[in-house]
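S.K.: Quick one: the structure is below, and I'll ask about it shortly.
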Amino acid sequence: MSAHSNLPLSLFTTSPPPPPPPPDQPSIQAHRPASQPKTMSTATTMQRVVLALTNFKSPILRTVVPCGLAAVALQALAAAPSVAARSELFFDVSGSLTYLAVGALSLYLPALRARALAAAQGVAQTALPKTPSIAQLAASAWSKTGGGGGGAVPGARNWRQLVLVGLTMVWATRLGSYLFSRVLSHGHDSRFDGIRDKPVRFASVFLIQAVWVTIPMLPVLALGAIPAATVAAALPRLAATDVLGLSLWGMGFFFEAVADYQKSQWVKQKKLKLHDEDFLTTGLFSVSRFPHYFGEISMWTGIAVTAAGVLARSPVQLALGWTGPLGVVATTALCGLSPLFSWFVVTRVSGVPMSEKKYDERYGHRADYQKWRSETPRLVPKLW
């Protein structure tokens, strides 16, 4: 119970029933459907359970744990029909949708917690705190107080929290659309050859994808755990880490989006017999053999830099319950997990190893391939 010691005891007790109405006053129960008391009791109980299970002392855990559980639940829902149909058609789409859902949850979690806590304390349904619209959150975030003033908007967000979630959603939408169109065009995804017919192994890939969503988003989720007022008070309107981080993200997005476009156009032209090249060596692929993966790692690095710059500030460290340099090291390391995980996945697990193995087997004997492979950097583009 130590992790939940800050939870009011009222969350675990049952409120006494209201006194019966006077004899000359009509009973409310007479006009209420018989099932409503049971429904309201069940809803209240569910709110209390969810609040109790995720109301850790650590603000970061209060955000990361429910968002991680949501990612696992959504991937389980996607896995069931996919495994049954032995189809990977919606694998990448489900990953993108999970990114969108987890990002939205991280934005609205403070407002949802406020409503759940008020309901658990017996506040009437009509008096519960309102869930703000995205327009209200944006207006508050871009106000002079940066989402930290007045408390007019329940669950207000700082502009950095909104922007990092928004950038993640933009990336996930673009990549998911591209991968979905690619699998529709090809009719299958070669990554799943030998996997789609093995239910347990196929299902485990969806679980891995839930991890792939949660770990890269750690900087976004950690930043979302901090009250907007604390973030606004800790930094100027625009800090050096904001400029550096957002610039890195922009460069990475450019590399990934342009590389994917160049590759798709190259494939389309090859199908139309406009060229007979066996591998792409022009455009961004002339400065990096895997420019799209370089772009992805750069994007997550930019998000990590932006979030780490906020989390290292003294007011934020105090809000997290940490003091001294160890807290800064911990939050910086937490943010660093995101690009490190992306780098590890694309360079050691899938992506680069799978592509290199395929192309080495097909064209490794050719001098033109060997020349391109030896003269073109594997990941980080040559800048001269």
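Scheme for the structure tokens: letters A, B, ... for chains in order shown; per-chain residue numbers from 1; ligand numbers from 1 in order shown.
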Write out as a list in words each polymer residue whose atoms come within 12 Å of stretch 358-369 of chain A, counting only C-alpha atoms; drop sequence neighbours fewer than 2 positions from it.
M.R.: Ser190, Arg191, Glu277, Asp278, Phe279, Leu280, Thr281, Arg289, Ser350, Gly351, Val352, Pro353, Met354, Ser355, Glu356, Lys371, Trp372, Arg373, Ser374, Glu375 and Thr376 of chain A
S.K.: Would you mind listing what lies within 9 Å of A:Ile60 as a PDB file with C-alpha atoms, in the first residue's frame, with only C-alpha atoms counted and same-chain residues fewer than 5 positions away left out?
M.R.:
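Writing done, so here's around17.pdb:
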ATOM      1  CA  VAL A  65       1.571   3.091 -16.174  1.00  0.00           C
ATOM      2  CA  LEU A 221       4.663  10.865 -21.055  1.00  0.00           C
ATOM      3  CA  ALA A 222       7.152  12.073 -18.438  1.00  0.00           C
ATOM      4  CA  LEU A 223       6.657  15.670 -19.527  1.00  0.00           C
ATOM      5  CA  GLY A 224       2.896  15.168 -19.494  1.00  0.00           C
ATOM      6  CA  ALA A 225       3.096  14.087 -15.853  1.00  0.00           C
ATOM      7  CA  ILE A 226       4.150  17.577 -14.742  1.00  0.00           C
ATOM      8  CA  LEU A 320       8.786  14.984  -8.968  1.00  0.00           C
TER       9      LEU A 320
END
S.K.: For atom CA of A:Thr230 and atom CA of A:Leu311, determine how far apart the two atoms are, in Å to one decimal place.
M.R.: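 Straight-line distance from atom CA of A:Thr230 to atom CA of A:Leu311 works out to 10.3 Å.
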S.K.: Work out how far atom CA of A:Val287 is from atom CA of A:Val380, in Å to one decimal.
M.R.: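 Pair atom CA of A:Val380 / atom CA of A:Val287 returns 8.3 Å.
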S.K.: With a distance cut-off of 8 Å and only C-alpha atoms, select the neighbouring residues of A:Ala210, excluding the residue or stretch itself and same-chain residues fewer than 6 positions from it, and output the selection as a list in words.
M.R.: Gly68, Ala71, Val72, Gln75, Gly95 and Thr98 of chain A
S.K.: Taking N, CA and C atoms for each residue, export the selection above as a PDB file, in the first residue's frame.
M.R.:
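In the end it all went to again17.pdb:
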ATOM      1  N   GLY A  68       0.883   2.923 -20.653  1.00  0.00           N
ATOM      2  CA  GLY A  68       1.449   1.647 -21.083  1.00  0.00           C
ATOM      3  C   GLY A  68       0.408   0.542 -21.108  1.00  0.00           C
ATOM      4  N   ALA A  71      -1.701   0.912 -24.142  1.00  0.00           N
ATOM      5  CA  ALA A  71      -1.019   0.418 -25.341  1.00  0.00           C
ATOM      6  C   ALA A  71      -1.130  -1.097 -25.448  1.00  0.00           C
ATOM      7  N   VAL A  72      -0.940  -1.791 -24.327  1.00  0.00           N
ATOM      8  CA  VAL A  72      -1.051  -3.254 -24.330  1.00  0.00           C
ATOM      9  C   VAL A  72      -2.477  -3.681 -24.669  1.00  0.00           C
ATOM     10  N   GLN A  75      -3.238  -3.128 -28.396  1.00  0.00           N
ATOM     11  CA  GLN A  75      -2.547  -4.096 -29.239  1.00  0.00           C
ATOM     12  C   GLN A  75      -3.145  -5.493 -29.099  1.00  0.00           C
ATOM     13  N   GLY A  95      -0.448   0.046 -34.802  1.00  0.00           N
ATOM     14  CA  GLY A  95       0.622   0.722 -34.083  1.00  0.00           C
ATOM     15  C   GLY A  95       0.449   2.227 -34.106  1.00  0.00           C
ATOM     16  N   THR A  98      -2.405   3.265 -31.913  1.00  0.00           N
ATOM     17  CA  THR A  98      -2.027   3.178 -30.505  1.00  0.00           C
ATOM     18  C   THR A  98      -1.215   4.397 -30.092  1.00  0.00           C
TER      19      THR A  98
END
